[in-house]
file entry-v4.cif (mmCIF, C-alpha atoms)
data_start
#
loop_
_atom_site.label_atom_id
_atom_site.label_comp_id
_atom_site.auth_asym_id
_atom_site.auth_seq_id
_atom_site.Cartn_x
_atom_site.Cartn_y
_atom_site.Cartn_z
CA MET A 855 -23.41 -3.41 -0.56
CA GLU A 856 -21.48 -0.25 -1.41
CA ARG A 857 -23.92 2.56 -2.08
CA PHE A 858 -21.31 5.01 -3.31
CA LYS A 859 -18.35 4.37 -5.63
CA PHE A 860 -14.92 5.75 -6.37
CA TYR A 861 -15.83 7.09 -9.83
CA SER A 862 -12.99 6.65 -12.28
CA ASP A 863 -13.26 10.24 -13.49
CA GLY A 864 -12.94 11.60 -9.95
CA ALA A 865 -9.87 12.39 -7.90
CA LEU A 866 -11.05 13.84 -4.58
CA PHE A 867 -13.39 11.91 -2.28
CA PHE A 868 -15.03 12.26 1.12
CA VAL A 869 -15.02 8.93 2.99
CA THR A 870 -16.52 7.64 6.20
CA PHE A 871 -15.37 4.48 7.99
CA SER A 872 -17.62 3.40 10.86
CA VAL A 873 -16.85 0.82 13.52
CA ILE A 874 -19.13 -2.22 13.72
CA GLU A 875 -22.08 -1.62 16.05
CA TRP A 876 -20.73 1.91 16.58
CA LEU A 877 -18.33 0.64 19.24
CA PRO A 878 -16.37 3.57 20.76
CA VAL A 879 -12.94 2.24 19.83
CA PHE A 880 -11.31 5.66 19.44
CA VAL A 881 -11.49 6.75 23.07
CA SER A 882 -7.78 6.31 23.71
CA GLU A 883 -4.79 7.99 22.16
CA ALA A 884 -3.32 4.58 21.26
CA ALA A 885 -6.29 3.64 19.06
CA CYS A 886 -6.28 7.07 17.38
CA ARG A 887 -2.54 6.75 16.78
CA ILE A 888 -3.13 3.52 14.86
CA MET A 889 -5.20 5.60 12.44
CA THR A 890 -2.86 8.58 12.21
CA ASP A 891 0.32 6.50 11.99
CA SER A 892 -1.29 4.42 9.24
CA LEU A 893 -2.32 7.54 7.32
CA THR A 894 1.24 8.87 7.60
CA PHE A 895 2.65 5.55 6.38
CA CYS A 896 0.23 5.56 3.43
CA HIS A 897 1.23 9.14 2.61
CA HIS A 898 4.92 8.21 2.44
CA ASN A 899 4.56 4.76 0.86
CA LYS A 900 1.22 4.43 -0.95
CA GLY A 901 0.58 7.85 -2.51
CA LEU A 902 -2.44 8.49 -0.27
CA ARG A 903 -3.07 12.16 0.42
CA VAL A 904 -5.20 13.52 3.25
CA ASN A 905 -6.81 16.88 2.68
CA ALA A 906 -8.80 16.84 5.94
CA PHE A 907 -9.72 14.29 8.60
CA VAL A 908 -11.33 13.69 11.96
CA VAL A 909 -11.19 10.61 14.17
CA MET A 910 -14.39 10.40 16.21
CA PRO A 911 -15.04 7.85 19.00
CA THR A 912 -16.98 5.52 16.67
CA HIS A 913 -15.98 6.55 13.15
CA PHE A 914 -13.55 8.35 10.88
CA HIS A 915 -14.16 10.99 8.18
CA ALA A 916 -11.62 12.18 5.65
CA ILE A 917 -11.19 13.95 2.36
CA LEU A 918 -8.68 11.89 0.40
CA PHE A 919 -6.96 11.75 -2.96
CA HIS A 920 -4.05 9.87 -4.50
CA ASP A 921 -0.89 11.68 -5.55
CA SER A 922 -1.56 10.44 -9.11
CA PHE A 923 -5.10 11.90 -8.97
CA GLN A 924 -6.38 8.50 -10.15
CA ALA A 925 -9.48 7.02 -8.50
CA ASP A 926 -8.34 3.41 -8.98
CA ALA A 927 -5.02 4.13 -7.23
CA LEU A 928 -6.92 5.89 -4.44
CA GLU A 929 -9.30 2.97 -4.05
CA LYS A 930 -6.38 0.52 -3.82
CA SER A 931 -4.69 2.64 -1.13
CA VAL A 932 -7.95 3.00 0.81
CA VAL A 933 -8.60 -0.76 0.69
CA GLU A 934 -5.09 -1.47 1.99
CA PHE A 935 -5.47 1.20 4.69
CA ARG A 936 -8.80 -0.26 5.84
CA LYS A 937 -7.44 -3.82 5.92
CA PHE A 938 -4.37 -2.84 7.92
CA THR A 939 -6.20 -0.59 10.38
CA GLY A 940 -9.02 -3.13 10.71
CA ARG A 941 -6.60 -5.86 11.75
CA SER A 942 -4.50 -3.57 13.96
CA LEU A 943 -7.51 -2.05 15.70
CA ALA A 944 -9.15 -5.46 16.18
CA ASP A 945 -5.94 -6.66 17.85
CA PHE A 946 -5.96 -3.50 19.98
CA CYS A 947 -9.57 -4.13 21.01
CA MET A 948 -8.82 -7.73 21.95
CA THR A 949 -5.98 -6.77 24.28
CA ASN A 950 -6.90 -3.30 25.57
CA LEU A 951 -10.67 -2.92 25.66
CA PRO A 952 -13.42 -4.77 27.55
CA LYS A 953 -14.11 -8.35 26.45
CA CYS A 954 -17.47 -7.33 24.97
CA PHE A 955 -15.62 -5.39 22.23
CA GLY A 956 -13.79 -8.50 21.07
CA ASP A 957 -16.97 -10.55 21.36
CA THR A 958 -18.80 -8.07 19.11
CA LEU A 959 -15.99 -8.08 16.53
CA ARG A 960 -16.16 -11.88 16.38
CA LEU A 961 -19.97 -11.92 16.18
CA GLU A 962 -19.91 -9.48 13.24
CA ALA A 963 -17.28 -11.45 11.29
CA GLY A 964 -18.25 -12.84 7.92
CA ALA A 965 -17.33 -16.16 6.37
CA ASP A 966 -14.06 -14.66 5.10
CA ARG A 967 -12.64 -13.57 8.48
CA ASP A 968 -12.71 -14.26 12.20
CA ARG A 969 -13.31 -10.62 13.22
CA ARG A 970 -14.69 -7.48 11.60
CA LEU A 971 -13.91 -3.98 12.82
CA TRP A 972 -15.14 -1.71 10.02
CA GLN A 973 -18.68 -1.65 8.74
CA PRO A 974 -18.55 -2.86 5.11
CA SER A 975 -19.14 0.47 3.34
CA ARG A 976 -16.63 3.30 2.95
CA HIS A 977 -19.30 5.71 1.66
CA PRO A 978 -16.98 7.49 -0.80
CA GLU A 979 -18.53 10.67 -2.17
CA LEU A 980 -16.99 12.39 -5.15
CA ILE A 981 -16.02 16.01 -4.50
CA ASN A 982 -15.98 17.94 -7.75
CA THR A 983 -16.77 21.52 -6.74
CA GLU A 984 -15.20 23.90 -4.29
CA SER A 985 -18.54 24.54 -2.59
CA PHE A 986 -19.13 20.81 -2.00
CA TRP A 987 -15.55 20.49 -0.71
CA GLN A 988 -16.18 23.36 1.73
CA THR A 989 -19.42 21.72 2.89
CA LYS A 990 -17.60 18.45 3.59
CA ILE A 991 -14.58 20.00 5.27
CA ASP A 992 -16.88 22.06 7.52
CA TYR A 993 -18.98 18.97 8.27
CA LEU A 994 -16.06 16.82 9.35
CA HIS A 995 -14.35 19.57 11.37
CA GLU A 996 -17.61 20.50 13.13
CA ASN A 997 -18.45 16.87 13.96
CA PRO A 998 -16.85 16.92 17.47
CA VAL A 999 -18.69 20.18 18.24
CA ARG A 1000 -22.06 18.81 17.06
CA LYS A 1001 -21.51 15.75 19.28
CA GLY A 1002 -20.80 17.96 22.29
CA LEU A 1003 -17.21 16.77 22.69
CA VAL A 1004 -15.52 20.19 22.34
CA ALA A 1005 -16.57 23.82 22.12
CA LYS A 1006 -14.50 24.60 18.99
CA PRO A 1007 -13.38 22.33 16.12
CA GLU A 1008 -9.72 23.17 16.62
CA HIS A 1009 -9.87 21.80 20.17
CA TRP A 1010 -10.43 18.22 18.96
CA ARG A 1011 -7.09 16.42 19.17
CA PHE A 1012 -7.34 13.98 16.24
CA SER A 1013 -8.49 16.29 13.49
CA SER A 1014 -7.08 18.58 10.84
CA ALA A 1015 -9.24 21.48 12.06
CA ALA A 1016 -6.43 23.21 14.00
CA PHE A 1017 -4.15 22.90 10.96
CA TRP A 1018 -6.70 24.49 8.62
CA MET A 1019 -7.86 27.16 11.08
CA SER A 1020 -4.26 28.25 11.73
CA ASP A 1021 -3.37 28.37 8.01
CA GLY A 1022 -0.99 25.45 8.52
CA LYS A 1023 0.84 26.88 11.54
CA HIS A 1024 -0.53 24.17 13.87
CA ALA A 1025 0.79 20.78 12.79
CA ALA A 1026 -1.62 17.90 12.34
CA ASP A 1027 -0.88 14.28 13.28
CA VAL A 1028 -0.74 13.37 9.58
CA PRO A 1029 0.65 15.21 6.57
CA ILE A 1030 -2.12 17.44 5.21
CA SER A 1031 -2.18 18.02 1.47
CA ALA A 1032 -3.87 21.14 0.16
CA ILE A 1033 -5.70 21.25 -3.14
CA ALA A 1034 -6.18 24.10 -5.57
CA TRP A 1035 -9.51 24.79 -7.24
#
call {"tool": "encode", "arguments": {"input": "entry-v4.cif", "output": "structure tokens"}}
result
Amino acid sequence: MERFKFYSDGALFFVTFSVIEWLPVFVSEAACRIMTDSLTFCHHNKGLRVNAFVVMPTHFHAILFHDSFQADALEKSVVEFRKFTGRSLADFCMTNLPKCFGDTLRLEAGADRDRRLWQPSRHPELINTESFWQTKIDYLHENPVRKGLVAKPEHWRFSSAAFWMSDGKHAADVPISAIAW
């Protein structure tokens, strides 16, 4: 059951997508590229805008909005993104990761599918103040540091931290869209 919602009067949201059973799917560049290539596609074709992101070994955080600033359009884009990446990453797991990954994806499937990659909730949190936005952007960029994976946020490869910390001089793997408060 979704605990948080894309509120219709909101435009900017912090989301978390977690892999079933916290499987470390994002330990290869190929798996991370599925995420970043999909975000880029959604930017160019679905109106999805990424303000900040980080791909961690077991989950993904992002601050997202739709180019129309409409929550229903954002939710539609996010649902399509999750479906596509879920299928693509499940296929990747089946062919590139140990058999136990595929077994777990099949065991966690519901009646409506034969595999499940993402945990059911997206955990969207409405961002409606600059201070809350700063809290969330700091949280997601610091995540690899808190987990002991890098010494500085900008060292994490699949993140927007280097982009933001260089004032846009260091390109990110996906188009980053700034917002004005």
call {"tool": "atom_distance", "arguments": {"input": "entry-v4.cif", "atom1": "CA of Asp926 (chain A)", "atom2": "CA of Ser892 (chain A)"}}
result
19.6 Å
call {"tool": "resolve_selection", "arguments": {"input": "entry-v4.cif", "expression": "the PyMOL selection byres ((chain A and resi 1029) around 9)", "output": "ChimeraX atom specification"}}
result
/A:893-894,897,903-905,1025-1028,1030-1031
call {"tool": "resolve_selection", "arguments": {"input": "entry-v4.cif", "expression": "the PyMOL selection byres ((chain A and resi 999-1008) around 10)", "output": "ChimeraX atom specification"}}
result
/A:908,910-911,992-998,1009-1020,1024
call {"tool": "residues_around", "arguments": {"input": "entry-v4.cif", "residues": "Gly940 (chain A)", "least_positions_apart": "6", "cutoff": "8 Å", "atoms": "only C-alpha atoms", "output": "list of chain:residue names"}}
result
A:Arg970, A:Leu971, A:Trp972
call {"tool": "residues_around", "arguments": {"input": "entry-v4.cif", "residues": "Trp876 (chain A)", "least_positions_apart": "4", "cutoff": "9 Å", "atoms": "all atoms listed in the file", "output": "number ranges by chain"}}
result
A: 872, 911-913, 973
call {"tool": "closest_residue", "arguments": {"input": "entry-v4.cif", "among": "A:Ala906, A:Ala1034, A:Cys896, A:Leu877", "to": "Phe935 (chain A)", "atoms": "all atoms listed in the file"}}
result
A:Cys896
call {"tool": "atom_distance", "arguments": {"input": "entry-v4.cif", "atom1": "CA of Glu934 (chain A)", "atom2": "CA of His920 (chain A)"}}
result
13.1 Å
call {"tool": "residues_around", "arguments": {"input": "entry-v4.cif", "residues": "Gly864 (chain A)", "least_positions_apart": "6", "cutoff": "12 Å", "atoms": "all atoms listed in the file", "output": "list in words"}}
result
Leu918, Phe919, His920, Ser922, Phe923, Gln924, Ala925, Asp926, Ala927, Leu928, Glu929, Pro978, Glu979, Leu980, Ile981, Asn982 and Thr983 of chain A
call {"tool": "closest_residue", "arguments": {"input": "entry-v4.cif", "among": "A:Ile1033, A:Val933, A:Leu959, A:Val879", "to": "Phe914 (chain A)", "atoms": "all atoms listed in the file"}}
result
A:Val879
call {"tool": "closest_residue", "arguments": {"input": "entry-v4.cif", "among": "A:Ala885, A:Met948, A:Val932, A:Gly964", "to": "Thr870 (chain A)", "atoms": "all atoms listed in the file"}}
result
A:Val932
call {"tool": "closest_residue", "arguments": {"input": "entry-v4.cif", "among": "A:Ser975, A:Glu962, A:Ala884, A:Lys953", "to": "Phe860 (chain A)", "atoms": "only C-alpha atoms"}}
result
A:Ser975
